[in-house]
Every structure is written in structure tokens, then in C-alpha cells.
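J.: Data file my_file.csv (CSV, C-alpha atoms and all ligand atoms) is appended below.
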chain,number,residue,atom,x,y,z
Z,1,MET,CA,14.2,-11.1,3.5
Z,2,HIS,CA,16.4,-8.7,1.6
Z,3,SER,CA,14.9,-7.2,-1.5
Z,4,TRP,CA,17.3,-5.5,-3.9
Z,5,PRO,CA,18.8,-2.0,-4.2
Z,6,SER,CA,16.2,0.5,-5.5
Z,7,PRO,CA,17.2,2.7,-8.4
Z,8,PHE,CA,17.5,6.4,-7.9
Z,9,ILE,CA,14.3,8.3,-9.0
Z,10,PRO,CA,15.1,11.7,-10.4
Z,11,ASP,CA,13.0,14.7,-9.8
Z,12,VAL,CA,11.2,16.4,-12.7
Z,13,PRO,CA,9.5,19.8,-12.3
Z,14,GLY,CA,5.7,19.6,-12.0
Z,15,ARG,CA,3.5,16.7,-11.1
Z,16,GLY,CA,1.8,13.9,-12.9
Z,17,PRO,CA,-2.0,13.6,-13.2
Z,18,ALA,CA,-4.3,11.3,-11.2
Z,19,VAL,CA,-3.6,7.7,-12.1
Z,20,HIS,CA,-6.2,5.6,-13.9
Z,21,VAL,CA,-6.0,1.8,-14.3
Z,22,HIS,CA,-8.2,-1.1,-15.4
Z,23,ASP,CA,-10.0,-2.9,-12.6
Z,24,THR,CA,-10.6,-6.5,-13.4
Z,25,GLY,CA,-13.6,-6.8,-11.1
Z,26,ARG,CA,-15.5,-3.9,-12.6
Z,27,GLY,CA,-14.1,-4.5,-16.1
Z,28,ALA,CA,-13.5,-0.8,-16.5
Z,29,VAL,CA,-10.8,1.8,-16.2
Z,30,VAL,CA,-11.1,3.6,-12.9
Z,31,ARG,CA,-9.4,6.5,-11.2
Z,32,LEU,CA,-7.2,5.7,-8.2
Z,33,ASP,CA,-7.8,7.9,-5.2
Z,34,PRO,CA,-5.5,6.5,-2.5
Z,35,GLY,CA,-4.9,9.6,-0.4
Z,36,PRO,CA,-1.4,10.4,0.7
Z,37,VAL,CA,-0.2,6.8,0.8
Z,38,ALA,CA,-1.0,4.2,-1.9
Z,39,GLY,CA,-0.8,0.5,-0.9
Z,40,LEU,CA,0.4,-1.8,-3.6
Z,41,TYR,CA,0.6,-5.6,-3.2
Z,42,VAL,CA,2.0,-7.6,-6.1
Z,43,CYS,CA,2.3,-11.3,-5.9
Z,44,GLY,CA,5.8,-12.6,-6.0
Z,45,ILE,CA,7.5,-15.6,-7.6
Z,46,THR,CA,7.5,-19.2,-6.6
Z,47,PRO,CA,11.3,-19.5,-6.8
Z,48,TYR,CA,11.8,-22.8,-8.7
Z,49,ASP,CA,12.9,-21.4,-12.0
Z,50,ALA,CA,14.5,-18.2,-13.2
Z,51,THR,CA,12.6,-15.0,-14.1
Z,52,HIS,CA,11.2,-15.2,-17.6
Z,53,LEU,CA,9.9,-12.3,-19.6
Z,54,GLY,CA,6.3,-12.9,-18.5
Z,55,HIS,CA,7.3,-12.3,-14.9
Z,56,ALA,CA,9.5,-9.4,-15.9
Z,57,ALA,CA,6.5,-7.8,-17.8
Z,58,THR,CA,4.4,-8.1,-14.6
Z,59,TYR,CA,7.0,-6.5,-12.3
Z,60,VAL,CA,7.9,-3.8,-14.8
Z,61,THR,CA,4.2,-3.0,-15.3
Z,62,PHE,CA,3.6,-2.5,-11.5
Z,63,ASP,CA,6.9,-0.6,-11.3
Z,64,VAL,CA,5.4,1.9,-13.8
Z,65,LEU,CA,2.3,2.0,-11.8
Z,66,GLY,CA,4.3,2.8,-8.6
Z,67,ARG,CA,6.2,5.5,-10.5
Z,68,ALA,CA,3.0,7.1,-11.8
Z,69,LEU,CA,1.6,7.1,-8.3
Z,70,ARG,CA,4.7,8.7,-6.9
Z,71,ASP,CA,4.7,11.2,-9.8
Z,72,ALA,CA,1.1,12.1,-8.9
Z,73,GLY,CA,2.3,13.0,-5.4
Z,74,HIS,CA,1.5,9.8,-3.5
Z,75,GLU,CA,3.8,7.9,-1.2
Z,76,VAL,CA,3.8,4.2,-2.3
Z,77,ARG,CA,3.9,1.4,0.2
Z,78,TYR,CA,4.8,-1.7,-1.7
Z,79,VAL,CA,4.6,-5.3,-0.5
Z,80,GLN,CA,5.6,-8.5,-2.3
Z,81,ASN,CA,5.8,-12.1,-1.2
Z,82,VAL,CA,8.0,-15.0,-2.2
Z,83,THR,CA,6.2,-18.3,-2.2
Z,84,ASP,CA,9.4,-20.0,-0.9
Z,85,VAL,CA,7.6,-23.2,0.1
Z,86,ASP,CA,4.8,-24.8,-2.0
Z,87,ASP,CA,4.1,-28.0,-3.9
Z,88,PRO,CA,5.6,-26.9,-7.3
Z,89,LEU,CA,8.9,-25.9,-5.6
Z,90,LEU,CA,9.1,-29.1,-3.6
Z,91,ALA,CA,8.3,-31.1,-6.7
Z,92,ARG,CA,11.0,-29.4,-8.7
Z,93,ALA,CA,13.6,-29.8,-6.0
Z,94,ALA,CA,12.8,-33.5,-5.7
Z,95,ARG,CA,12.9,-34.0,-9.5
Z,96,ASP,CA,16.4,-32.3,-9.6
Z,97,GLY,CA,17.7,-33.9,-6.5
Z,98,LEU,CA,18.2,-30.5,-4.8
Z,99,ASP,CA,17.5,-29.3,-1.3
Z,100,TRP,CA,14.3,-27.2,-1.7
Z,101,THR,CA,15.7,-24.4,0.5
Z,102,HIS,CA,18.8,-24.2,-1.7
Z,103,LEU,CA,16.7,-24.1,-4.9
Z,104,ALA,CA,14.5,-21.3,-3.4
Z,105,ASP,CA,17.5,-19.3,-2.3
Z,106,ARG,CA,19.3,-19.6,-5.6
Z,107,GLU,CA,16.3,-18.6,-7.7
Z,108,THR,CA,15.3,-15.8,-5.4
Z,109,ALA,CA,18.8,-14.4,-5.6
Z,110,LEU,CA,18.6,-14.6,-9.4
Z,111,PHE,CA,15.2,-12.8,-9.4
Z,112,ARG,CA,16.7,-10.0,-7.3
Z,113,GLU,CA,19.5,-9.6,-9.8
Z,114,ASP,CA,17.1,-9.4,-12.7
Z,115,MET,CA,15.0,-6.8,-10.9
Z,116,THR,CA,18.0,-4.7,-10.1
Z,117,ALA,CA,19.1,-4.9,-13.7
Z,118,LEU,CA,15.7,-3.9,-15.0
Z,119,ALA,CA,15.6,-0.9,-12.6
Z,120,VAL,CA,12.5,-2.1,-10.8
Z,121,ILE,CA,11.9,-0.2,-7.5
Z,122,ALA,CA,12.2,-2.6,-4.6
Z,123,PRO,CA,9.3,-3.4,-2.3
Z,124,ASP,CA,9.3,-1.9,1.1
Z,125,HIS,CA,8.5,-5.3,2.5
Z,126,TYR,CA,9.7,-8.4,0.6
Z,127,LEU,CA,8.7,-11.4,2.6
Z,128,GLY,CA,9.0,-15.2,2.2
Z,129,VAL,CA,6.4,-17.6,3.4
Z,130,THR,CA,8.9,-19.4,5.5
Z,131,GLU,CA,9.6,-16.2,7.5
Z,132,SER,CA,5.9,-15.4,7.9
Z,133,ILE,CA,4.7,-18.7,9.3
Z,134,ASP,CA,3.7,-17.3,12.8
Z,135,LEU,CA,1.7,-14.6,11.2
Z,136,ILE,CA,-0.1,-17.0,8.9
Z,137,VAL,CA,-0.8,-19.5,11.8
Z,138,GLU,CA,-2.3,-16.7,13.8
Z,139,ASP,CA,-4.7,-15.8,11.0
Z,140,VAL,CA,-5.7,-19.4,10.3
Z,141,GLU,CA,-6.4,-19.9,14.0
Z,142,GLN,CA,-8.5,-16.7,14.0
Z,143,LEU,CA,-10.4,-17.9,10.9
Z,144,GLU,CA,-11.1,-21.2,12.6
Z,145,ALA,CA,-12.1,-19.6,15.9
Z,146,SER,CA,-14.6,-17.4,14.1
Z,147,GLY,CA,-16.2,-20.3,12.4
Z,148,ALA,CA,-15.1,-19.2,8.9
Z,149,ALA,CA,-12.8,-22.2,8.6
Z,150,TYR,CA,-13.1,-25.9,9.4
Z,151,ARG,CA,-10.9,-29.0,9.8
Z,152,VAL,CA,-10.8,-32.0,7.5
Z,153,LYS,CA,-9.0,-35.2,8.8
Z,154,ALA,CA,-6.0,-36.1,6.7
Z,155,LEU,CA,-6.1,-39.7,5.3
Z,156,ASP,CA,-2.4,-39.9,4.8
Z,157,ALA,CA,-1.2,-38.2,8.0
Z,158,ALA,CA,-2.1,-38.0,11.7
Z,159,GLY,CA,-3.4,-34.4,11.8
Z,160,PHE,CA,-6.0,-32.4,9.9
Z,161,ASP,CA,-6.0,-29.9,7.1
Z,162,VAL,CA,-7.9,-26.5,7.5
Z,163,TYR,CA,-10.1,-25.0,4.8
Z,164,LEU,CA,-12.1,-21.8,4.4
Z,165,ASP,CA,-15.8,-22.3,4.1
Z,166,ILE,CA,-16.5,-20.5,0.9
Z,167,ALA,CA,-20.2,-20.8,1.1
Z,168,GLN,CA,-20.2,-18.2,3.9
Z,169,ARG,CA,-18.4,-15.6,1.9
Z,170,PRO,CA,-20.4,-12.9,0.2
Z,171,GLY,CA,-18.8,-11.5,-2.9
Z,172,PHE,CA,-17.0,-14.8,-3.8
Z,173,GLY,CA,-16.8,-14.8,-7.6
Z,174,ASP,CA,-17.1,-11.0,-8.0
Z,175,LEU,CA,-13.5,-10.5,-9.1
Z,176,SER,CA,-13.3,-13.3,-11.7
Z,177,GLY,CA,-16.9,-13.3,-12.8
Z,178,LEU,CA,-16.4,-17.0,-13.7
Z,179,THR,CA,-19.1,-19.6,-13.8
Z,180,ARG,CA,-18.9,-22.4,-11.2
Z,181,ALA,CA,-17.8,-24.9,-13.9
Z,182,GLN,CA,-15.0,-22.5,-15.0
Z,183,MET,CA,-14.0,-22.0,-11.4
Z,184,LEU,CA,-13.8,-25.8,-10.8
Z,185,ALA,CA,-11.6,-26.3,-13.9
Z,186,ARG,CA,-9.2,-23.5,-13.0
Z,187,PHE,CA,-9.1,-24.5,-9.4
Z,188,ALA,CA,-8.0,-28.0,-10.4
Z,189,GLU,CA,-5.4,-26.7,-12.8
Z,190,ASN,CA,-3.9,-24.3,-10.3
Z,191,GLY,CA,-3.1,-26.2,-7.2
Z,192,GLY,CA,-6.6,-26.6,-5.9
Z,193,ASP,CA,-8.1,-29.9,-4.7
Z,194,PRO,CA,-11.8,-30.0,-5.7
Z,195,GLU,CA,-11.9,-33.8,-5.3
Z,196,ARG,CA,-10.8,-33.9,-1.7
Z,197,ASP,CA,-13.2,-35.8,0.5
Z,198,GLY,CA,-14.6,-34.1,3.5
Z,199,LYS,CA,-14.6,-30.6,2.1
Z,200,ARG,CA,-17.9,-28.7,2.5
Z,201,ASP,CA,-17.5,-27.2,-1.0
Z,202,ALA,CA,-15.2,-28.4,-3.7
Z,203,LEU,CA,-13.8,-24.9,-4.1
Z,204,ASP,CA,-12.9,-24.3,-0.5
Z,205,PRO,CA,-9.3,-23.2,-0.4
Z,206,LEU,CA,-6.7,-24.9,1.8
Z,207,LEU,CA,-5.4,-22.7,4.6
Z,208,TRP,CA,-3.2,-25.1,6.5
Z,209,ARG,CA,-1.8,-28.5,5.4
Z,210,THR,CA,-0.9,-30.8,8.2
Z,211,GLU,CA,2.5,-32.3,8.3
Z,212,ARG,CA,3.1,-35.1,5.7
Z,213,SER,CA,6.0,-37.5,5.8
Z,214,GLY,CA,8.9,-36.2,3.8
Z,215,GLU,CA,7.6,-32.6,3.6
Z,216,PRO,CA,8.9,-29.6,5.5
Z,217,SER,CA,6.7,-28.4,8.3
Z,218,TRP,CA,6.5,-25.7,11.0
Z,219,ASP,CA,4.9,-25.4,14.4
Z,220,GLY,CA,1.3,-24.5,13.8
Z,221,GLY,CA,0.2,-23.8,17.3
Z,222,THR,CA,-3.3,-25.2,17.8
Z,223,LEU,CA,-3.3,-26.3,14.1
Z,224,GLY,CA,-0.5,-28.8,14.7
Z,225,ALA,CA,2.7,-29.0,12.6
Z,226,GLY,CA,2.3,-28.3,8.9
Z,227,ARG,CA,2.6,-25.6,6.3
Z,228,PRO,CA,0.4,-22.9,4.8
Z,229,GLY,CA,-1.8,-23.2,1.8
Z,230,TRP,CA,-0.9,-20.9,-1.1
Z,231,HIS,CA,-3.4,-18.1,-1.0
Z,232,ILE,CA,-3.3,-17.4,2.7
Z,233,GLU,CA,0.3,-16.1,2.6
Z,234,CYS,CA,-0.8,-13.1,0.5
Z,235,THR,CA,-3.9,-12.5,2.6
Z,236,ALA,CA,-1.8,-12.5,5.8
Z,237,LEU,CA,0.9,-10.3,4.4
Z,238,ALA,CA,-1.4,-7.8,2.7
Z,239,VAL,CA,-3.6,-7.4,5.8
Z,240,ARG,CA,-0.6,-7.1,8.1
Z,241,TYR,CA,1.6,-4.8,6.1
Z,242,LEU,CA,-0.9,-2.7,4.1
Z,243,GLY,CA,-4.3,-3.1,5.9
Z,244,MET,CA,-7.6,-3.4,4.2
Z,245,PRO,CA,-8.6,-2.0,1.8
Z,246,PHE,CA,-5.3,-1.3,0.1
Z,247,THR,CA,-5.1,0.5,-3.2
Z,248,VAL,CA,-4.1,-2.1,-5.8
Z,249,GLN,CA,-3.7,-5.9,-5.8
Z,250,GLY,CA,-1.6,-6.8,-8.8
Z,251,GLY,CA,-0.2,-9.8,-10.6
Z,252,GLY,CA,-0.4,-11.8,-13.8
Z,253,SER,CA,-3.8,-12.5,-15.3
Z,254,ASP,CA,-3.3,-16.2,-14.5
Z,255,LEU,CA,-3.7,-15.2,-10.8
Z,256,VAL,CA,-7.2,-13.8,-11.1
Z,257,PHE,CA,-8.7,-17.2,-10.2
Z,258,PRO,CA,-8.2,-18.9,-7.9
Z,259,HIS,CA,-5.3,-17.0,-6.3
Z,260,HIS,CA,-6.6,-13.4,-6.1
Z,261,GLU,CA,-10.2,-14.4,-5.6
Z,262,MET,CA,-9.3,-16.6,-2.7
Z,263,SER,CA,-6.8,-14.2,-1.1
Z,264,ALA,CA,-9.5,-11.5,-1.2
Z,265,VAL,CA,-12.3,-13.6,0.4
Z,266,GLN,CA,-9.9,-14.8,3.0
Z,267,GLY,CA,-9.0,-11.3,3.8
Z,268,CYS,CA,-12.6,-10.3,4.1
Z,269,ALA,CA,-13.3,-13.3,6.3
Z,270,LEU,CA,-10.3,-12.4,8.5
Z,271,THR,CA,-11.2,-8.7,9.1
Z,272,GLY,CA,-14.9,-8.7,8.6
Z,273,THR,CA,-14.6,-5.9,6.1
Z,274,ARG,CA,-14.7,-5.5,2.4
Z,275,PRO,CA,-13.2,-5.0,0.0
Z,276,PHE,CA,-9.7,-6.6,0.2
Z,277,ALA,CA,-8.3,-4.1,-2.3
Z,278,GLU,CA,-9.8,-1.1,-4.0
Z,279,VAL,CA,-8.7,-2.2,-7.5
Z,280,PHE,CA,-7.4,-5.4,-9.0
Z,281,VAL,CA,-4.9,-4.9,-11.9
Z,282,HIS,CA,-3.7,-7.8,-14.1
Z,283,GLN,CA,-0.8,-8.1,-16.6
Z,284,ALA,CA,-1.7,-10.0,-19.7
Z,285,MET,CA,0.2,-13.2,-20.5
Z,286,VAL,CA,3.3,-13.1,-22.7
Z,287,GLY,CA,3.7,-15.9,-25.2
Z,288,PHE,CA,6.6,-17.5,-27.0
Z,289,ASP,CA,6.6,-20.1,-29.7
Z,290,GLY,CA,2.9,-20.1,-30.0
Z,291,ALA,CA,1.9,-20.6,-26.3
Z,292,LYS,CA,1.8,-18.7,-23.0
Z,293,MET,CA,5.3,-18.6,-21.5
Z,294,SER,CA,5.2,-21.0,-18.6
Z,295,LYS,CA,7.5,-23.2,-16.6
Z,296,SER,CA,5.3,-26.2,-17.2
Z,297,ARG,CA,5.6,-25.8,-21.0
Z,298,GLY,CA,9.2,-25.0,-20.9
Z,299,ASN,CA,9.0,-22.2,-23.5
Z,300,LEU,CA,10.7,-19.6,-21.4
Z,301,VAL,CA,12.9,-16.7,-22.4
Z,302,LEU,CA,14.9,-15.9,-19.3
Z,303,VAL,CA,15.9,-12.4,-18.3
Z,304,SER,CA,19.2,-13.7,-16.9
Z,305,ALA,CA,19.9,-15.6,-20.2
Z,306,LEU,CA,19.5,-12.4,-22.2
Z,307,ARG,CA,21.6,-10.5,-19.7
Z,308,ASN,CA,24.3,-13.1,-19.9
Z,309,ALA,CA,24.2,-12.8,-23.7
Z,310,GLY,CA,25.2,-9.2,-23.3
Z,311,VAL,CA,21.7,-7.6,-23.9
Z,312,ASP,CA,21.4,-4.2,-22.3
Z,313,PRO,CA,18.7,-4.6,-19.5
Z,314,MET,CA,17.3,-1.2,-20.5
Z,315,ALA,CA,16.6,-2.7,-24.0
Z,316,ILE,CA,14.7,-5.6,-22.3
Z,317,ARG,CA,12.8,-3.0,-20.3
Z,318,LEU,CA,11.9,-1.0,-23.4
Z,319,ALA,CA,10.9,-4.2,-25.2
Z,320,LEU,CA,8.4,-4.9,-22.4
Z,321,LEU,CA,7.2,-1.3,-22.3
Z,322,ALA,CA,6.4,-1.3,-26.0
Z,323,HIS,CA,3.4,-3.5,-25.3
Z,324,HIS,CA,0.4,-2.3,-23.3
Z,325,TYR,CA,0.0,-4.4,-20.1
Z,326,ARG,CA,-3.6,-5.5,-21.0
Z,327,THR,CA,-2.6,-6.8,-24.4
Z,328,GLU,CA,-1.4,-10.4,-24.8
Z,329,TRP,CA,1.6,-10.6,-27.0
Z,330,GLU,CA,4.3,-13.0,-28.2
Z,331,TRP,CA,8.0,-12.4,-27.7
Z,332,THR,CA,10.1,-12.5,-30.9
Z,333,ASP,CA,13.6,-11.5,-31.7
Z,334,ASP,CA,12.2,-8.4,-33.4
Z,335,ASP,CA,11.0,-7.1,-30.0
Z,336,LEU,CA,14.6,-6.9,-28.8
Z,337,ALA,CA,16.0,-5.5,-32.1
Z,338,THR,CA,13.4,-2.8,-32.1
Z,339,ALA,CA,14.0,-1.9,-28.5
Z,340,ASP,CA,17.7,-1.9,-28.9
Z,341,HIS,CA,17.4,0.5,-31.9
Z,342,ARG,CA,15.0,2.7,-29.9
Z,343,LEU,CA,17.4,2.8,-26.9
Z,344,GLN,CA,20.4,3.8,-29.1
Z,345,THR,CA,18.3,6.5,-30.8
Z,346,TRP,CA,17.1,7.9,-27.5
Z,347,ARG,CA,20.6,7.9,-26.1
Z,348,ALA,CA,21.9,9.7,-29.2
Z,349,ALA,CA,19.2,12.4,-28.9
Z,350,LEU,CA,19.2,12.7,-25.2
Z,351,SER,CA,23.0,13.0,-24.8
Z,352,GLY,CA,23.2,16.1,-27.1
Z,353,ASN,CA,23.9,19.6,-26.0
Z,354,GLY,CA,20.4,20.9,-26.6
Z,355,GLY,CA,17.3,20.0,-28.6
Z,356,PRO,CA,13.8,21.1,-29.2
Z,357,PRO,CA,11.8,22.1,-26.1
Z,358,ALA,CA,10.9,19.0,-24.0
Z,359,GLU,CA,7.9,20.3,-22.0
Z,360,ASP,CA,5.3,18.8,-24.3
Z,361,ALA,CA,7.1,15.4,-24.4
Z,362,VAL,CA,7.5,15.3,-20.6
Z,363,GLU,CA,3.8,16.1,-20.3
Z,364,ALA,CA,2.9,13.4,-22.8
Z,365,ILE,CA,4.9,10.8,-21.0
Z,366,ARG,CA,3.2,11.7,-17.7
Z,367,GLN,CA,-0.3,11.7,-19.2
Z,368,ALA,CA,0.3,8.4,-21.0
Z,369,ALA,CA,1.6,6.6,-17.9
Z,370,ALA,CA,-1.3,7.9,-15.8
Z,371,ASP,CA,-3.8,6.9,-18.5
Z,372,ASP,CA,-4.0,3.1,-17.7
Z,373,LEU,CA,-0.2,2.8,-18.0
Z,374,ASP,CA,-0.2,3.5,-21.7
Z,375,THR,CA,3.5,2.9,-22.1
Z,376,PRO,CA,3.4,2.5,-25.9
Z,377,ALA,CA,2.1,6.1,-26.1
Z,378,ALA,CA,4.8,7.3,-23.7
Z,379,LEU,CA,7.4,5.6,-25.9
Z,380,ALA,CA,5.9,7.2,-29.0
Z,381,ALA,CA,6.2,10.7,-27.4
Z,382,VAL,CA,9.9,10.2,-26.7
Z,383,ASP,CA,10.4,8.8,-30.2
Z,384,ALA,CA,8.8,11.9,-31.7
Z,385,TRP,CA,11.0,14.2,-29.7
Z,386,ALA,CA,14.2,12.2,-30.5
Z,387,ALA,CA,13.4,12.1,-34.2
Z,388,ARG,CA,12.9,15.9,-34.3
Z,389,SER,CA,16.0,16.5,-32.2
Z,390,LEU,CA,18.2,14.3,-34.4
Z,391,ALA,CA,16.7,15.8,-37.6
Z,392,GLU,CA,16.5,19.5,-36.7
Z,393,GLY,CA,18.5,20.0,-33.6
Z,394,GLY,CA,17.3,22.7,-31.2
Z,395,GLU,CA,18.4,25.6,-29.0
Z,396,ASP,CA,16.9,24.4,-25.7
Z,397,LEU,CA,20.1,23.5,-23.8
Z,398,GLY,CA,18.2,22.0,-20.8
Z,399,ALA,CA,15.7,19.9,-22.9
Z,400,PRO,CA,17.7,16.6,-23.2
Z,401,GLY,CA,18.5,16.6,-19.5
Z,402,VAL,CA,14.9,17.2,-18.4
Z,403,LEU,CA,13.5,14.6,-20.8
Z,404,ALA,CA,16.1,12.0,-19.8
Z,405,ARG,CA,15.1,12.5,-16.2
Z,406,ALA,CA,11.4,12.2,-17.1
Z,407,VAL,CA,12.1,9.0,-19.0
Z,408,ASP,CA,14.0,7.6,-16.1
Z,409,ARG,CA,11.5,8.8,-13.4
Z,410,THR,CA,8.3,7.7,-15.2
Z,411,LEU,CA,9.4,4.8,-17.4
Z,412,GLY,CA,12.4,3.6,-15.4
Z,413,VAL,CA,14.6,3.7,-18.5
Z,414,ARG,CA,18.1,5.0,-17.8
Z,415,ILE,CA,19.6,6.7,-20.8
Z,501,ZN,ZN,-0.3,-13.6,-4.0
Mind turning the file's structure into C-alpha cells?
Ligand code: ZN
T.:
Amino acid sequence: MHSWPSPFIPDVPGRGPAVHVHDTGRGAVVRLDPGPVAGLYVCGITPYDATHLGHAATYVTFDVLGRALRDAGHEVRYVQNVTDVDDPLLARAARDGLDWTHLADRETALFREDMTALAVIAPDHYLGVTESIDLIVEDVEQLEASGAAYRVKALDAAGFDVYLDIAQRPGFGDLSGLTRAQMLARFAENGGDPERDGKRDALDPLLWRTERSGEPSWDGGTLGAGRPGWHIECTALAVRYLGMPFTVQGGGSDLVFPHHEMSAVQGCALTGTRPFAEVFVHQAMVGFDGAKMSKSRGNLVLVSALRNAGVDPMAIRLALLAHHYRTEWEWTDDDLATADHRLQTWRAALSGNGGPPAEDAVEAIRQAAADDLDTPAALAAVDAWAARSLAEGGEDLGAPGVLARAVDRTLGVRI
């Protein structure tokens, strides 16, 4: 499907340092060494509600990662899915009396507009589940043929569902490090079906759901008509469009288990190789009104609502960048006021005809971004230059332009 128009990425003299990020599996900051081409897969939205600031934080974080990798001299191949058919989407459409395809199209379009406004670089491949069914069916058939997956007869339909046999999978649990009890709880809370009769293990993930009355379905070849389970879409797309192992699997921290753990073991089962991704990076949750921002709680701050209220999208982006991606935080009006003030200050300083030399500030932004995406430190470096420029002026006529380009290139903030 169409993604969105990518922003222009200005050139800045020099090159950024090697990029380091925190790997969830190892629990440590590690250096990325992707070679000429870095593969980045970030899980996309389930389009049943508009983009909230928690989503925006995730996509801005991985945008900064992609920018840092480019600045360090790598080409970036970026893949993102859209879960445009799944139980929560169908349930919301039914609740609101909408056609599910209409709901998915509408919310995906809004997401694209939000991403464009926030100057997020578009994925090279932006793929919906509904346009990737053949690929997924092929992979599930292969998993079944190899003995990695098995069938369970449906009690409420004529066909059978297909599950991955998790007991055969070495490395299952390495990413999340959860106990079995914790896994069972999170699996049940996040679309899993631990109670389903006939499964070999309660944690076995659904690969293919046979056609049920009243649900959309597709031709599944030897699997029969049905639709894919949640995790297999990301497995199939990452394996096909990036190949294993790719550099970074990214997403919100609520995806560590089951989604990323399951996607990864499925990929390993499919290809017979490990690992799925070199590094797993997760964005901490953003809260509002005392709880994690989530559709189910209804405590959402929507990017589109802020935009419609006249908020400069660059102020929204700066408000997100002011928090490190691994720190949970809670959105307040102060975030926006602070970001707006910062944006105006930067614009005043960076639109002048000269200022203090900018080389150190440019270097500091690059270093901070490459150092586990330390965006608060990058912002502080620009703040310091802007404060000095506004207080003392300066004779370096090229400095504002170079720094403005560095801010745009590295942080994605257009002055
Ligand atoms: Zn995913």
C-alpha cells in the first residue's frame, strides 16, 4: 500500500559515529554493525483508532534511529506492516456499525497524515496483511510441511486452525526473559488463546484461523479459507523483505511478549536459522491521566487532534524527543508548552545572520543520537547554542544554516 511522502534529508558535512542502542534480549546497550545496508522492521498499527502520542513516540524514535544509521553512512531498508485485519479491528467495526475495510482505510489514511506532519521518513515497504495473504499462506504451509506447525480442529467451524509447536523452538523466551506464568498472563491479555482445547502447549501461537461465519476470509490453499494469526504477518514480511537476520526489530515495549517473541521464533522455524533480528529495541510506554495511553482505557491524546487544534507538528515532535525512548513518562500540557517555547527559541536563533561556531553543537547532536538515541542530550546541545547565540550573537555567518540542517537531518525537526 502507499506509505507517505518522505521528508527531505539535508546533507551535513562529516559523518555520524557508529550507532549504539539498547537490546532488550541482552539487557544492554550494544553497537550496531549492519554493514552497508541496515534492515529495520517496526511493527505498524492496527488501524481501528487514530494515532496517539504513544504510537507517535514509537515511530519518531525509530525515525531517529534510521536517521542516525544514515548519518553513520549506512543505507536503511525500512519495512512496516499494517495489521489491517485482526480481532480488535473487527470488534471495533462491529461495535460502531462500520464496514471493517472502511474503518481500516480511514484510520490508516489518518496515520499517514500524522507521520507526514511529524516528518517521519516513510518505510520502503509499507504492507497491509490483507495484501500479503499469499505470502503468509505460503509460510504457514511451509511450517506445517516441516512439522513445525500442527492443526487443531475448529469446534465452531468446518475447518481447522494451525498453530506453531513452541516446544520445538530453541530460544523461545530469550527475548522477554519472562517466567512461564508471566508469559501465560500476557499471552491471554494480548490476543492469545491459552485455554484453547487441542493445543500442544497453551502458549502455541495461532498461525492460521479457519473461516468463521461472519468473519472475512481468504483462500488459504491447503490450509482452507481463513485469515492469518497476528504474529505471522510480521514474520512473513520481515523474512521476505529484509531477510534474516536483519538489524533491528522495533516497536513499543508492550510488543516484547508475545508479539516479538512469537514473530522471532516463527521466523527461526521458517528459515532454520537464528537469530530473527540482531537487536530488539523497544519504546517505553507513554502515559496520560495516570495510566498507560491505550485504546482500551480510552485515555488517548491524538496527534490529529493536536494538529487540528493548531499545534505545530514540530512542537509535537520536540515534545516527544525531550524524553529518552527507554524512560516511561506521562504526557501533560507542560510538555507541549515547553516544546513550543523551545521551537520558537531555536527558530529565532537559527534564522539569524550568523552566530557562534556550530561545529561543536553539530558534533554533540550526532554523538547524542548515536549514543542510544539520547535525544534529550541532543536537544540540550541545541538549547545551549541557541542561548549563546541569542545572548552574545556571533560572527560565523554559516553557523545557523549548518546547525539547522543538522537538527533537521538528525532529529527530524524542521526549523
Ligand atoms: Zn509486528
J.: How close does chain Z get to ligand ZN 501 (chain Z)? List, as a Markdown table, each residue of chain Z within 9 Å, its nearest atom pair and the distance in Å to one decimal, counting only C-alpha atoms and all ligand atoms.
T.:
| residue | atom | partner | partner_atom | distance |
| --- | --- | --- | --- | --- |
| Z:Tyr41 | CA | Z:ZN501 | ZN | 8.1 |
| Z:Val42 | CA | Z:ZN501 | ZN | 6.8 |
| Z:Cys43 | CA | Z:ZN501 | ZN | 4.0 |
| Z:Gly44 | CA | Z:ZN501 | ZN | 6.5 |
| Z:Ile45 | CA | Z:ZN501 | ZN | 8.8 |
| Z:Gln80 | CA | Z:ZN501 | ZN | 8.0 |
| Z:Asn81 | CA | Z:ZN501 | ZN | 6.9 |
| Z:Val82 | CA | Z:ZN501 | ZN | 8.6 |
| Z:Thr83 | CA | Z:ZN501 | ZN | 8.2 |
| Z:Trp230 | CA | Z:ZN501 | ZN | 7.9 |
| Z:His231 | CA | Z:ZN501 | ZN | 6.2 |
| Z:Ile232 | CA | Z:ZN501 | ZN | 8.3 |
| Z:Glu233 | CA | Z:ZN501 | ZN | 7.1 |
| Z:Cys234 | CA | Z:ZN501 | ZN | 4.6 |
| Z:Thr235 | CA | Z:ZN501 | ZN | 7.6 |
| Z:Ala238 | CA | Z:ZN501 | ZN | 8.9 |
| Z:Gln249 | CA | Z:ZN501 | ZN | 8.6 |
| Z:Gly250 | CA | Z:ZN501 | ZN | 8.4 |
| Z:Gly251 | CA | Z:ZN501 | ZN | 7.6 |
| Z:Leu255 | CA | Z:ZN501 | ZN | 7.8 |
| Z:His259 | CA | Z:ZN501 | ZN | 6.5 |
| Z:His260 | CA | Z:ZN501 | ZN | 6.6 |
| Z:Ser263 | CA | Z:ZN501 | ZN | 7.1 |
J.: Do you know which residues are at most 9 Å from Gly252 (chain Z) counting all atoms listed in the file, after dropping those on the same chain fewer than 4 positions away, and could you put them as a ChimeraX atom specification?
T.: /Z:43,54-55,57-58,256,281-285
J.: Pick out the residues sitting within 10 Å of region 339-350 of chain Z, and hand them over as a PyMOL selection string; count all atoms listed in the file, and ignore anything fewer than 2 positions along from it in its own chain.
T.: chain Z and resi 311-322+334-337+352-355+379+382-383+385-391+393+399-405+407+413-415
J.: Considering all atoms listed in the file, state which residue in the set Z:Thr222, Z:Thr332, Z:Asn190, Z:Gln182 is at the smallest distance from Glu141 (chain Z).
T.: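 Looking only at the distances to Glu141 (chain Z), the closest residue turns out to be Z:Thr222.
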J.: Hey, can you check how far CA of Tyr150 (chain Z) sits from CA of Ile166 (chain Z)?
T.: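 Taking CA of Tyr150 (chain Z) and CA of Ile166 (chain Z), their separation equals 10.6 Å.
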J.: Please provide the set of residues having any atom within 6 Å of region 12-23 of chain Z, restricted to only C-alpha atoms, with same-chain residues fewer than 2 positions apart removed, written as a list of chain:residue names.
T.: Z:Gly25, Z:Arg26, Z:Gly27, Z:Ala28, Z:Val29, Z:Val30, Z:Arg31, Z:Leu32, Z:Asp71, Z:Ala72, Z:Val279, Z:Phe280, Z:Val281, Z:Arg366, Z:Ala370, Z:Asp371, Z:Asp372
J.: For Asp374 (chain Z), which residue among Z:Leu155, Z:Ala50, Z:Val286, Z:Val64 is the nearest when counting only C-alpha atoms?
T.: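 Among the listed residues, the smallest separation from Asp374 (chain Z) belongs to Z:Val64.
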